[in-house]
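Novice: coords_19.txt (compact mmCIF, C-alpha atoms) pasted underneath:
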# COMPACT_ATOMS: atom_id res chain seq x y z
CA MET A 63 -0.73 119.34 120.62
CA ARG A 64 0.59 118.13 117.25
CA ALA A 65 3.07 120.99 117.20
CA LEU A 66 4.32 120.04 120.68
CA ILE A 67 4.71 116.38 119.69
CA LEU A 68 6.63 117.41 116.57
CA LEU A 69 8.91 119.67 118.62
CA LEU A 70 9.67 116.89 121.12
CA PHE A 71 10.38 114.50 118.23
CA LEU A 72 12.84 116.94 116.65
CA ILE A 73 14.58 117.50 119.98
CA LYS A 74 14.93 113.72 120.41
CA ILE A 75 16.39 113.37 116.90
CA ASP A 76 18.86 116.18 117.61
CA CYS A 77 19.95 114.54 120.85
CA ILE A 78 20.51 111.24 119.04
CA ALA A 79 22.51 113.03 116.32
CA GLN A 80 24.65 114.74 118.97
CA LYS A 81 25.42 111.52 120.87
CA PRO A 82 29.17 111.31 121.47
CA MET A 83 31.18 108.67 119.58
CA ASN A 84 32.74 105.73 121.37
CA LYS A 85 36.34 105.97 122.58
CA LYS A 86 37.73 103.37 120.14
CA LEU A 87 36.37 105.27 117.15
CA ILE A 88 37.64 108.58 118.53
CA ASP A 89 41.16 107.20 119.12
CA SER A 90 41.27 105.79 115.58
CA LYS A 91 40.19 109.12 114.11
CA LEU A 92 42.76 111.03 116.17
CA ASP A 93 45.53 108.75 114.86
CA SER A 94 44.61 109.65 111.26
CA ILE A 95 44.40 113.36 112.15
CA LEU A 96 47.89 113.24 113.64
CA VAL A 97 49.29 111.48 110.56
CA GLU A 98 47.76 114.12 108.28
CA SER A 99 49.02 116.96 110.48
CA ASN A 100 52.58 115.59 110.31
CA LEU A 101 52.40 115.49 106.51
CA LEU A 102 50.94 118.99 106.28
CA TYR A 103 53.58 120.30 108.67
CA LYS A 104 56.33 119.03 106.35
CA TYR A 105 54.82 120.95 103.44
CA LEU A 106 54.01 124.20 105.24
CA SER A 107 57.19 124.36 107.31
CA SER A 108 59.32 123.72 104.24
CA GLU A 109 57.48 126.31 102.14
CA ILE A 110 57.74 128.99 104.81
CA GLU A 111 61.46 128.38 105.25
CA ALA A 112 62.03 128.36 101.48
CA ASP A 113 60.00 131.56 101.04
CA GLU A 114 62.23 133.31 103.56
CA LEU A 115 65.32 132.28 101.59
CA ILE A 116 63.77 133.56 98.37
CA ASP A 117 62.88 136.87 100.00
CA LYS A 118 66.40 137.33 101.37
CA GLU A 119 67.96 136.75 97.97
CA LYS A 120 65.29 138.89 96.25
CA ILE A 121 64.70 136.33 93.53
CA GLN A 122 61.77 137.06 91.23
CA THR A 123 59.51 134.05 90.79
CA VAL A 124 56.00 133.46 89.50
CA ASN A 125 54.97 130.13 91.01
CA ARG A 126 55.94 127.67 93.70
CA LEU A 127 55.55 123.88 93.71
CA SER A 128 56.16 121.52 96.62
CA TYR A 129 56.19 117.76 96.42
CA GLN A 130 57.37 114.78 98.42
CA SER A 131 59.45 111.92 97.11
CA GLY A 132 60.24 109.29 99.73
CA ASP A 133 61.76 111.07 102.73
CA THR A 134 62.61 114.15 100.66
CA LEU A 135 60.46 117.22 100.20
CA ARG A 136 61.35 119.65 97.42
CA VAL A 137 60.19 123.24 97.05
CA ILE A 138 60.85 124.59 93.57
CA TYR A 139 60.29 128.11 92.27
CA ILE A 140 59.20 128.59 88.71
CA ASN A 141 59.56 131.56 86.35
CA LYS A 142 57.33 132.77 83.49
CA GLU A 143 59.05 130.38 81.08
CA ILE A 144 57.93 127.46 83.30
CA LYS A 145 61.48 126.64 84.35
CA CYS A 146 62.79 125.94 87.82
CA ILE A 147 65.11 128.76 88.90
CA TYR A 148 65.50 127.86 92.58
CA GLU A 149 65.20 124.53 94.38
CA VAL A 150 65.22 123.95 98.13
CA VAL A 151 65.47 120.38 99.44
CA PHE A 152 64.44 119.20 102.91
CA VAL A 153 64.98 115.82 104.58
CA GLY A 154 64.08 114.86 108.14
CA HIS A 155 64.12 118.31 109.71
CA PHE A 156 61.64 120.27 107.63
CA SER A 157 62.57 123.72 108.89
CA LYS A 158 66.18 123.54 107.70
CA PRO A 159 67.09 122.68 104.08
CA ILE A 160 69.87 120.27 103.27
CA SER A 161 70.59 121.81 99.87
CA LEU A 162 69.91 124.81 97.64
CA ASP A 163 70.19 124.85 93.86
CA ARG A 164 70.09 128.16 91.97
CA ARG A 165 70.70 126.68 88.53
CA GLU A 166 67.96 127.19 85.99
CA ARG A 167 66.56 123.94 84.60
CA SER A 168 63.54 122.46 82.89
CA LEU A 169 60.91 120.74 85.01
CA ASN A 170 61.09 116.97 84.98
CA PHE A 171 58.07 114.99 83.81
CA TYR A 172 56.58 114.57 87.28
CA GLU A 173 57.10 118.23 88.22
CA ASP A 174 55.62 119.43 84.94
CA SER A 175 52.55 117.20 85.34
CA LEU A 176 52.01 118.17 88.98
CA PHE A 177 52.51 121.87 88.22
CA LYS A 178 49.87 121.78 85.48
CA ILE A 179 47.45 119.91 87.72
CA LYS A 180 47.95 122.38 90.57
CA ASP A 181 47.49 125.32 88.22
CA ILE A 182 44.20 123.89 86.91
CA LEU A 183 42.84 122.98 90.34
CA THR A 184 43.76 126.23 92.09
CA SER A 185 42.15 128.20 89.26
CA LYS A 186 38.84 126.63 90.36
CA LEU A 187 39.14 128.04 93.89
CA ILE A 188 37.56 131.28 95.02
CA ASN A 189 40.04 133.34 97.04
CA ASP A 190 38.07 135.37 99.54
CA SER A 191 39.68 138.60 100.68
CA LEU A 192 41.66 138.38 103.91
CA PRO A 193 42.62 141.07 106.43
CA ILE A 194 45.93 142.84 105.81
CA GLY A 195 48.83 140.66 106.92
CA TYR A 196 47.16 137.35 106.11
CA ASN A 197 47.61 135.10 103.07
CA TYR A 198 46.56 131.75 101.67
CA LYS A 199 48.89 128.86 100.94
CA ASN A 200 47.72 126.13 98.57
CA ILE A 201 49.10 122.67 99.35
CA LEU A 202 48.52 119.94 96.76
CA ILE A 203 48.90 116.34 97.93
CA PRO A 204 48.43 113.41 95.53
CA GLU A 205 46.34 110.52 96.85
CA ASP A 206 44.84 107.33 95.46
CA ASN A 207 42.68 108.17 92.43
CA GLY A 208 42.97 111.90 92.89
CA PHE A 209 44.30 114.84 94.86
CA ARG A 210 43.58 116.76 98.00
CA LEU A 211 44.14 120.49 97.90
CA TYR A 212 44.40 122.47 101.12
CA LYS A 213 43.87 126.23 101.18
CA ILE A 214 45.39 127.33 104.48
CA THR A 215 45.39 130.79 106.04
CA THR A 216 48.83 132.00 107.16
CA THR A 217 50.23 135.25 108.53
CA GLN A 218 53.48 137.12 109.14
CA ILE A 219 51.96 139.21 111.93
CA PRO A 220 53.94 138.62 115.16
CA ASN A 221 52.30 136.84 118.11
CA ILE A 222 49.29 135.66 116.12
CA ILE A 223 48.17 132.11 115.32
CA PRO A 224 45.70 132.25 112.40
CA PHE A 225 43.39 129.45 113.53
CA GLY A 226 40.45 128.66 111.26
CA ASN A 227 39.48 129.74 107.76
CA ASP A 228 41.03 126.64 106.18
CA PHE A 229 39.60 124.61 103.31
CA LEU A 230 40.07 121.10 101.98
CA TYR A 231 39.11 120.20 98.41
CA ARG A 232 39.19 116.67 97.03
CA PHE A 233 39.45 116.12 93.29
CA ASP A 234 39.33 112.93 91.27
CA ILE A 235 42.11 111.98 88.85
CA LYS A 236 40.43 114.02 86.09
CA GLY A 237 40.30 117.16 88.22
CA ARG A 238 36.60 117.02 89.04
CA LEU A 239 35.65 118.28 92.50
CA LYS A 240 34.42 115.43 94.71
CA ASP A 241 34.18 117.13 98.08
CA LYS A 242 34.77 120.46 99.81
CA THR A 243 35.24 121.01 103.54
CA ILE A 244 35.32 124.38 105.30
CA PHE A 245 36.85 123.70 108.69
CA TYR A 246 35.43 126.65 110.66
CA ASN A 247 35.34 130.44 110.74
CA PHE A 248 38.41 132.58 111.22
CA LYS A 249 39.53 132.61 114.90
CA PRO A 250 43.04 134.10 115.12
CA LYS A 251 44.56 133.85 118.59
CA SER A 252 47.07 136.29 120.04
CA TYR A 253 49.70 135.44 122.62
CA ASP A 254 52.54 137.14 124.52
CA SER A 255 55.27 136.24 127.00
CA LYS A 256 52.68 135.74 129.75
CA THR A 257 50.55 133.29 127.78
CA PHE A 258 50.90 129.72 129.00
CA LYS A 259 47.79 128.08 127.58
CA LEU A 260 45.64 128.40 124.45
CA ILE A 261 42.04 127.18 124.27
CA LEU A 262 39.78 126.92 121.24
CA VAL A 263 36.06 126.23 121.47
CA TYR A 264 34.69 124.71 118.28
CA ASN A 265 31.19 125.04 116.88
CA LYS A 266 28.68 122.51 118.23
CA ASN A 267 28.77 120.32 115.10
CA ILE A 268 32.56 119.85 115.05
CA PRO A 269 33.56 116.44 116.46
CA PHE A 270 37.38 116.49 116.36
CA LEU A 271 40.54 118.52 116.57
CA PHE A 272 41.64 119.76 113.13
CA SER A 273 44.94 118.75 111.56
CA THR A 274 45.46 122.33 110.30
CA ASP A 275 45.15 123.68 113.86
CA ILE A 276 47.88 121.31 115.01
CA VAL A 277 50.10 122.42 112.13
CA LYS A 278 49.58 126.12 112.84
CA PHE A 279 50.29 125.68 116.52
CA ARG A 280 53.54 123.85 115.74
CA LEU A 281 54.58 126.48 113.20
CA TYR A 282 53.77 129.64 115.10
CA CYS A 283 54.69 128.43 118.61
CA LYS A 284 57.80 126.40 117.83
CA ASP A 285 60.18 128.97 119.37
CA ILE A 286 58.14 130.00 122.40
CA ASP A 287 57.36 128.43 125.77
CA ILE A 288 53.72 127.50 125.06
CA LYS A 289 53.88 123.70 124.91
CA GLU A 290 50.26 122.79 124.18
CA PHE A 291 46.85 123.98 123.16
CA THR A 292 43.39 122.62 123.87
CA ALA A 293 40.31 122.48 121.64
CA TYR A 294 36.87 121.69 123.02
CA SER A 295 34.37 119.74 120.93
CA PRO A 296 30.76 120.25 122.09
CA ARG A 297 29.75 117.52 119.64
CA ASN A 298 31.69 114.84 121.54
CA ARG A 299 31.94 116.76 124.84
CA ILE A 300 35.69 116.23 124.83
CA TYR A 301 38.73 118.43 125.34
CA PHE A 302 41.52 117.59 122.90
CA THR A 303 44.97 118.69 124.02
CA PHE A 304 47.91 118.65 121.60
CA ASN A 305 51.45 118.77 123.01
CA LYS A 306 54.16 119.94 120.60
CA LEU A 307 56.98 118.25 122.55
CA THR A 308 55.46 114.79 122.40
CA ASN A 309 53.53 115.40 119.15
CA LYS A 310 50.55 113.63 120.67
CA ILE A 311 46.87 114.32 121.30
CA ILE A 312 45.42 113.67 124.75
CA THR A 313 41.66 113.45 125.32
CA HIS A 314 39.86 114.67 128.45
CA TYR A 315 36.32 113.40 128.83
Could you take the file, read its structure, and then write that structure out as structure tokens?
Specialist:
Amino acid sequence: MRALILLLFLIKIDCIAQKPMNKKLIDSKLDSILVESNLLYKYLSSEIEADELIDKEKIQTVNRLSYQSGDTLRVIYINKEIKCIYEVVFVGHFSKPISLDRRERSLNFYEDSLFKIKDILTSKLINDSLPIGYNYKNILIPEDNGFRLYKITTTQIPNIIPFGNDFLYRFDIKGRLKDKTIFYNFKPKSYDSKTFKLILVYNKNIPFLFSTDIVKFRLYCKDIDIKEFTAYSPRNRIYFTFNKLTNKIITHY
């Protein structure tokens, strides 16, 4: 009898824990997710475009650093002597650069500081092995009293969106790890000319759509006819639909 009572108590606690959030709180959270996805898209889109330029020109580099200053995002490539040998600048449209600079130069104070910080923080990460054709991109974003460092799975395999397997690390101003988030397991999705809708089903403890999923959808589906994807959250019992044309999230209860 005691065991039965305990079981019923645990079930009740689990039901309370799984109670969906109210709409006002959900809408507020989705606004912040969309803001973060827009920022991440600037970084990833710019880096991918800059990497393609580097590959075409067959320039040998050792490191890459991206940073935002006002409305401008710069991607600089650094050699073994810790000098910038290639700089790509983006403004507004973050898939087409407004300028390229191939002149070798020293890093300015901000670039040098940020490069050293990124080097220290990424050295603390464990890079798990990925299937052939997949890679990680590390995006460092300064924030109040610290940094957030995204480790995002990308691919060059055609007709694949590498959903999942993304990480977010938060460090304080001294480089000490404050928090680590693993978004969810690797769930790459394939598509072809007949695909008109993509649906993700999250694990039961995941309450919201992920900013990295929005970014990947925008990146890998920007030139095809698929206009939106939907993610289902069992935690909140909600379908979240992101539309790339409106850049908005719609909820379906």
Novice: Between CA of Leu183 (chain A) and CA of Ile95 (chain A), what is the spacing in Å?
Specialist: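 These atoms are spaced 23.9 Å apart.
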Novice: Within 9 Å of Phe272 (chain A), counting all atoms listed in the file, which residues show up once you throw out same-chain ones fewer than 2 positions away? Write them as a PDB file with C-alpha atoms, keeping the file's coordinate frame, please.
Specialist:
ATOM      1  CA  ILE A  95      44.400 113.360 112.150  1.00  0.00           C
ATOM      2  CA  SER A  99      49.020 116.960 110.480  1.00  0.00           C
ATOM      3  CA  PHE A 245      36.850 123.700 108.690  1.00  0.00           C
ATOM      4  CA  PHE A 270      37.380 116.490 116.360  1.00  0.00           C
ATOM      5  CA  THR A 274      45.460 122.330 110.300  1.00  0.00           C
ATOM      6  CA  ASP A 275      45.150 123.680 113.860  1.00  0.00           C
ATOM      7  CA  ILE A 276      47.880 121.310 115.010  1.00  0.00           C
ATOM      8  CA  VAL A 277      50.100 122.420 112.130  1.00  0.00           C
TER       9      VAL A 277
END
Novice: Of the residues A:Asn207, A:Asn200, A:Thr216, A:Thr303, which is the one nearest to Phe248 (chain A), using all atoms listed in the file?
Specialist: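 Closest to Phe248 (chain A) of all the choices is A:Thr216.
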Novice: Show me the residues close to (35.8, 124.1, 120.5) - anything with an atom within 10 Å, counting all atoms listed in the file - and format the list as an MDAnalysis selection string.
Specialist: chainID A and resid 261:271 292:297 299:302
Novice: Give me, please, the distance in Å between CA of Ser252 (chain A) and CA of Ile188 (chain A), quoted to one decimal.
Specialist: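 Computing the Euclidean distance for CA of Ser252 (chain A) and CA of Ile188 (chain A) yields 27.2 Å.
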Novice: Using only C-alpha atoms, can you tell me which of A:Asn141, A:Thr217, A:Asn170, A:Ser90 comes closest to Tyr196 (chain A)?
Specialist: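 Under the stated criterion, the closest residue is A:Thr217.
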Novice: List every protein, DNA or RNA residue with an atom no more than 12 Å from (50.4, 113.7, 123.6) in the file's coordinates, counting all atoms listed in the file, and format the result as an NGL selection string.
Specialist: :A and (92-93 or 96 or 276 or 289-292 or 302-314)
Novice: Rounded to one decimal, what separation in Å do you get between CA of Tyr148 (chain A) and CA of Arg164 (chain A)?
Specialist: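 CA of Arg164 (chain A) lies at a distance of 4.6 Å from CA of Tyr148 (chain A).
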Novice: Give the answer as one residue: which of A:Lys104, A:Lys120, A:Lys256, A:Lys249 has the shortest atom-to-atom distance to Gly154 (chain A), using only C-alpha atoms?
Specialist: A:Lys104
Novice: From the list A:Ile235, A:Leu127, A:Leu281, A:Ile286, which residue is nearest Thr257 (chain A) when using all atoms listed in the file?
Specialist: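 Once distances to Thr257 (chain A) are computed over all atoms listed in the file, the minimum belongs to A:Ile286.
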Novice: So which one's closest to Phe209 (chain A), A:Arg165, A:Lys278, A:Lys186, A:Lys236? Using all atoms listed in the file, please.
Specialist: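 Once distances to Phe209 (chain A) are computed over all atoms listed in the file, the minimum belongs to A:Lys236.
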Novice: Of the candidates A:Asp234, A:Asp89, A:Glu109, A:Asp241, which shows the shortest atom-to-atom distance to Ile201 (chain A), using only C-alpha atoms?
Specialist: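 Of A:Asp234, A:Asp89, A:Glu109, A:Asp241, the one nearest Ile201 (chain A) is A:Glu109, counting only C-alpha atoms.
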Novice: Near Arg136 (chain A), counting all atoms listed in the file, which residues have an atom at most 8 Å away, once you skip same-chain residues fewer than 6 positions from it, shown as a ChimeraX atom specification?
Specialist: /A:128-130,149-152
Novice: Within 9 Å of Ile222 (chain A), counting only C-alpha atoms, which residues qualify if same-chain residues fewer than 2 places away don't, as a list in words?
Specialist: Thr217, Gln218, Ile219, Pro220, Pro224, Phe225, Pro250, Lys251, Ser252, Tyr253 and Tyr282 of chain A
